[in-house]
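Working notes, beginning with the structure itself.
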Amino acid sequence: MKMRNYWNLRDWGAGIWERANRPKRVAIAITTIFLVALLPFAGASFLATPIAAYDAVLVYPVGVFILMALGLNIVVGKSGMLDLGYVAFFAIGAYTMALMGTHTGLNTWEIMPFGIAFAMLAGVLLGLPTLRLRGDYLAIVTLGFGEIVRLVVLNSTWSKGPNGIANIPMPPDIGPLKFKLDDQKVFFWVVVIMILLTIWMIRRLSVRRPGRAWEAIRQDEDAAELMGIPTLKYKIWSFTLGAAVGGAAGVLFASKNLFIAPEMFTLNVSILILACVVFGGIGNIWGVVLGAAILGYLPERIRFISDARLLVFGLVLVTVMNFRPDGLLPRKKREKAIVKKEVNA
Amino acid sequence: MRLEIKDLHVHYGKIEAIKGISVVVNEGEIVTLIGANGAGKTTTLKTISGLRKVTSGAIIFDGQDISNVPAHERVDLGISQAPEGRGIFPGMTVLENLEMGKFHRKNRKAEMSEDLDKVYTLFPRLKERVAQAGGTLSGGEQQMLAIGRALMSRPKVLLLDEPSMGLAPQMIANIFRIITEINKTGVTILLVEQNAQQALQRAHRAYILETGNVVKEAKASDLLNDPAVREAYLGTGAHA
């Protein structure tokens, strides 16, 4: 119990936020966003990553991982469905960008809605028949779906099979902000904006009816149905929103990487993103952001020890999960705490 | 006739759990289904509320066959269930749990405070615990919450699945007293119980289920005095 007080970063942060009034909150938010936006300039400090370029690491893996983890968190954390094929939506977004970018004159921002739409469509098509399943069964079906998408692009001619698609266009410049290969600050800012939009969307939904419905479904699906919640509909919504975020991340990734191939979309990615969610604190937005940031950044930071870095990475995972089984910043567990609040009748 | 089940068959995979039962529940009645483990009591209730699919037969509610209506829409029609094992949302407060009971109601905002008051009048204990997480309540309080939550949707028929399960004798008596009270406000009740003694004392009519079949149907008071029933379900002469 003593440990808990020391380690309870979540309540410390929540406390500051709750005590703050509106202008103070705006100030905190703007300062934080400003500091985050300055991160690419910290490349000369201890944060610098050897071998890989620091500003590129901030975009991928870190930024893209955070985005995907937030999307997966809607499915796994909010509504409690285990999705092991999340990479499929990422791949669909990436291939949409690659194919439309090389075959049409559309730019990244114009392709983005298509990438999101195709990922959502895939989410609905997969969700309709499979979301009647629960728990392990759903996990297996989604795992299969992830593999199917990868195998389809690996064996199709339109996707150029294992060779992948090269010469994907970069996003067009936004005024004076230029997207460059050797300086990816603008990419990073775009990812930050997408992350902020995603967080905003999740927070809006969480306090409204969909959030309530997901929460009920996660805690007791039968009871949720008995409350009159159309559980299948809300599960598909959750799945589809998660897919949308994954698709958006895919579009951005393809446009940043300029080249994509099927081997980038293996089961490993699904597992790693799920690890980000669990490591950070399943169900808690800030935990997920922190988890994904650490798991994205750490392997790049310790790249100088070459092969041993995966060993260190694994050790960190195991150690942290041992000491903090609910993640770094777990969601509030109200079922364990007895809350006494003054209630006005 | 509020609710009628006609020759209902229900399967779990290939196993037939309900083998053609017919039950009638009239307006304003308390009807109880009693029977041993595995008799099909819970399955029957789940099928009425829509959690299980009907293999054949019909569930007729207010003259309309609802066998193919999804569970969440049956709540709109006026069927509400307090599920077996209570099924409360452990991470939500008592108030949030009760609010969930109104999830589907169109004019839930207008009805909310009135219905909360009704539930708090029936279960004053819940009012003391409004801000407490459902998972931290005692078994009896959870059962109260499950029943209160089911009432929030203003049901015409309330389905209760073993409300006495795992409760202390005093709490059981309390819960059954409240069930009668709810019934007096005009809610028809279909009650599934293993505690046959209490159920038969409170109910108007009863059905006895054995391995998916109705073996007996009678007025509850008659069954209380039926020697065969006493032998099988009430323990011989414990209260004689």
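Identifiers in the structure tokens: chain A, B, ... in order shown; residue index from 1 per chain; ligand index from 1 in order shown.
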Report task. May I have the residues within 12 Å of Ala14 (chain A) as JSON, numbers by chain, using only C-alpha atoms and disregarding those fewer than 6 positions away in the same chain? Result -> {"A": [8, 20, 25, 284, 286, 329, 331, 332]}
Requested in this report: Starting from chain B, keep only residues with some atom at most 8 Å from an atom of chain A, counting only C-alpha atoms, and report them as a PyMOL selection string.
Outcome: chain B and resi 49+51+71-76+80-81+83+87-92+100-104+130-136+150+153
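Here CA of Val141 (chain A) is placed at a distance of 24.1 Å from CA of Pro70 (chain B).
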**Report entry** Nearby residues (only C-alpha atoms) at most 9 Å from Pro210 (chain A), same-chain spacing under 3 positions excluded, as a ChimeraX atom specification
**Finding:** /A:205-207,213-215,234,237-238
Print the selection's residues with N, CA and C atoms to a file, as an mmCIF file, in the first residue's frame.
```
data_model
loop_
_atom_site.group_PDB
_atom_site.id
_atom_site.type_symbol
_atom_site.label_atom_id
_atom_site.label_comp_id
_atom_site.auth_asym_id
_atom_site.auth_seq_id
_atom_site.Cartn_x
_atom_site.Cartn_y
_atom_site.Cartn_z
ATOM 1 N N LEU A 205 -16.697 10.813 -26.436
ATOM 2 C CA LEU A 205 -17.564 9.631 -26.471
ATOM 3 C C LEU A 205 -17.675 8.975 -25.095
ATOM 4 N N SER A 206 -16.569 9.021 -24.334
ATOM 5 C CA SER A 206 -16.543 8.296 -23.067
ATOM 6 C C SER A 206 -17.573 8.816 -22.086
ATOM 7 N N VAL A 207 -17.820 10.125 -22.091
ATOM 8 C CA VAL A 207 -18.741 10.670 -21.106
ATOM 9 C C VAL A 207 -20.168 10.658 -21.625
ATOM 10 N N ALA A 213 -22.360 2.780 -22.702
ATOM 11 C CA ALA A 213 -22.729 1.476 -23.260
ATOM 12 C C ALA A 213 -21.506 0.561 -23.327
ATOM 13 N N TRP A 214 -20.368 1.088 -23.788
ATOM 14 C CA TRP A 214 -19.151 0.261 -23.862
ATOM 15 C C TRP A 214 -18.756 -0.221 -22.483
ATOM 16 N N GLU A 215 -18.824 0.688 -21.530
ATOM 17 C CA GLU A 215 -18.467 0.349 -20.160
ATOM 18 C C GLU A 215 -19.357 -0.801 -19.652
ATOM 19 N N TYR A 234 -23.257 -1.308 -30.634
ATOM 20 C CA TYR A 234 -22.212 -0.545 -29.958
ATOM 21 C C TYR A 234 -20.852 -1.207 -30.084
ATOM 22 N N TRP A 237 -19.629 -0.314 -33.462
ATOM 23 C CA TRP A 237 -19.166 1.078 -33.447
ATOM 24 C C TRP A 237 -17.779 1.191 -32.851
ATOM 25 N N SER A 238 -17.582 0.512 -31.739
ATOM 26 C CA SER A 238 -16.290 0.543 -31.070
ATOM 27 C C SER A 238 -15.202 -0.017 -31.986
#
```
Query raised in the report: How many Å separate CA of Gln194 (chain B) from CA of Arg230 (chain B)?
Result: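 Value for the CA of Gln194 (chain B)-CA of Arg230 (chain B) distance: 13.2 Å.
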Query raised in the report: Residues at most 7 Å from region 189-198 of chain A, counting only C-alpha atoms, excluding those fewer than 4 positions away in the same chain, as a PyMOL selection string?
Result: chain A and resi 37+59+63+67+185+202
Serialized selection, C-alpha atoms, as a short mmCIF file (atom, residue, chain, number, x, y, z; two decimals), in the first residue's frame:
```cif
data_model
loop_
_atom_site.label_atom_id
_atom_site.label_comp_id
_atom_site.auth_asym_id
_atom_site.auth_seq_id
_atom_site.Cartn_x
_atom_site.Cartn_y
_atom_site.Cartn_z
CA ALA A 37 5.60 20.09 -30.08
CA VAL A 59 7.12 9.97 -35.88
CA GLY A 63 3.86 8.79 -32.73
CA LEU A 67 -2.04 6.69 -32.40
CA LYS A 185 9.44 17.81 -37.55
CA ILE A 202 -12.45 9.28 -27.18
#
```
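Close contacts of Gln197 (chain B), defined as residues with an atom at most 9 Å away when counting only C-alpha atoms, with chain neighbours fewer than 6 positions off set aside, comprise Leu224, Tyr233 and Leu234 of chain B.
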Query raised in the report: So how far away is CA of Gly123 (chain A) from CA of Asn155 (chain A), in Å?
Result: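 Separation of CA of Asn155 (chain A) and CA of Gly123 (chain A): 21.8 Å.
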Query raised in the report: Looking only at the backbone, which of the residues in region 42-176 of chain A does DSSP tag as alpha helix (DSSP H), as number ranges by chain?
Result: A: 54-57, 64-73, 87-103, 108-130, 135-155
Query raised in the report: Do you know which residues are at most 9 Å from region 27-39 of chain B counting only C-alpha atoms, after dropping those on the same chain fewer than 5 positions away, and could you put them as a PyMOL selection string?
Result: chain B and resi 1-3+17-18+156-157+179-180+183-196+199-200+202-213+220+233
Requested in this report: Would you kindly return, as a VMD selection string, each protein, DNA or RNA residue with an atom no farther than 12 Å from any atom of region 109-114 of chain B, considering only C-alpha atoms and excluding same-chain residues fewer than 2 positions away?
Outcome: (chain A and resid 345) or (chain B and resid 95 to 96 98 to 107 116 to 121 149 151 to 154)
Report summary line: Shortest contact to Leu39 (chain A), candidates A:Asp55, A:Pro330, A:Ile116, A:Val26, atoms counted only C-alpha atoms, goes to A:Asp55
Pull the strand (DSSP E or B) assignments for region 21-123 of chain B out of DSSP run on the backbone, and list those residues as a compact mmCIF listing (two decimals) with C-alpha atoms, in the first residue's frame.
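states.txt written:
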```txt
# COMPACT_ATOMS: atom_id res chain seq x y z
CA ILE B 21 -42.94 -26.05 -21.91
CA SER B 22 -46.02 -23.86 -21.83
CA VAL B 23 -46.48 -21.19 -19.21
CA VAL B 24 -49.15 -18.54 -18.81
CA VAL B 25 -48.68 -15.37 -16.79
CA ILE B 30 -46.81 -13.44 -9.34
CA VAL B 31 -46.03 -16.71 -11.07
CA THR B 32 -43.13 -18.83 -9.95
CA LEU B 33 -41.14 -21.54 -11.68
CA ILE B 34 -39.58 -23.91 -9.19
CA GLY B 35 -37.41 -26.91 -9.69
CA SER B 56 -39.34 -23.69 -31.69
CA GLY B 57 -42.48 -22.54 -29.98
CA ALA B 58 -43.62 -19.01 -29.26
CA ILE B 59 -43.30 -16.31 -26.64
CA ILE B 60 -46.39 -14.13 -26.75
CA PHE B 61 -46.32 -10.82 -24.96
CA GLN B 64 -47.61 -10.25 -30.02
CA ASP B 65 -45.13 -13.03 -30.80
CA ILE B 79 -39.98 -6.96 -20.18
CA SER B 80 -37.24 -6.41 -17.65
CA GLN B 81 -35.00 -8.94 -15.98
CA ALA B 82 -32.90 -9.05 -12.84
CA THR B 93 -21.76 3.36 -8.73
```
Report summary line: In terms of only C-alpha atoms, the residue from A:Gly283, A:Pro23, A:Pro129, A:Gly247 at minimal distance from Arg203 (chain A) is A:Gly283
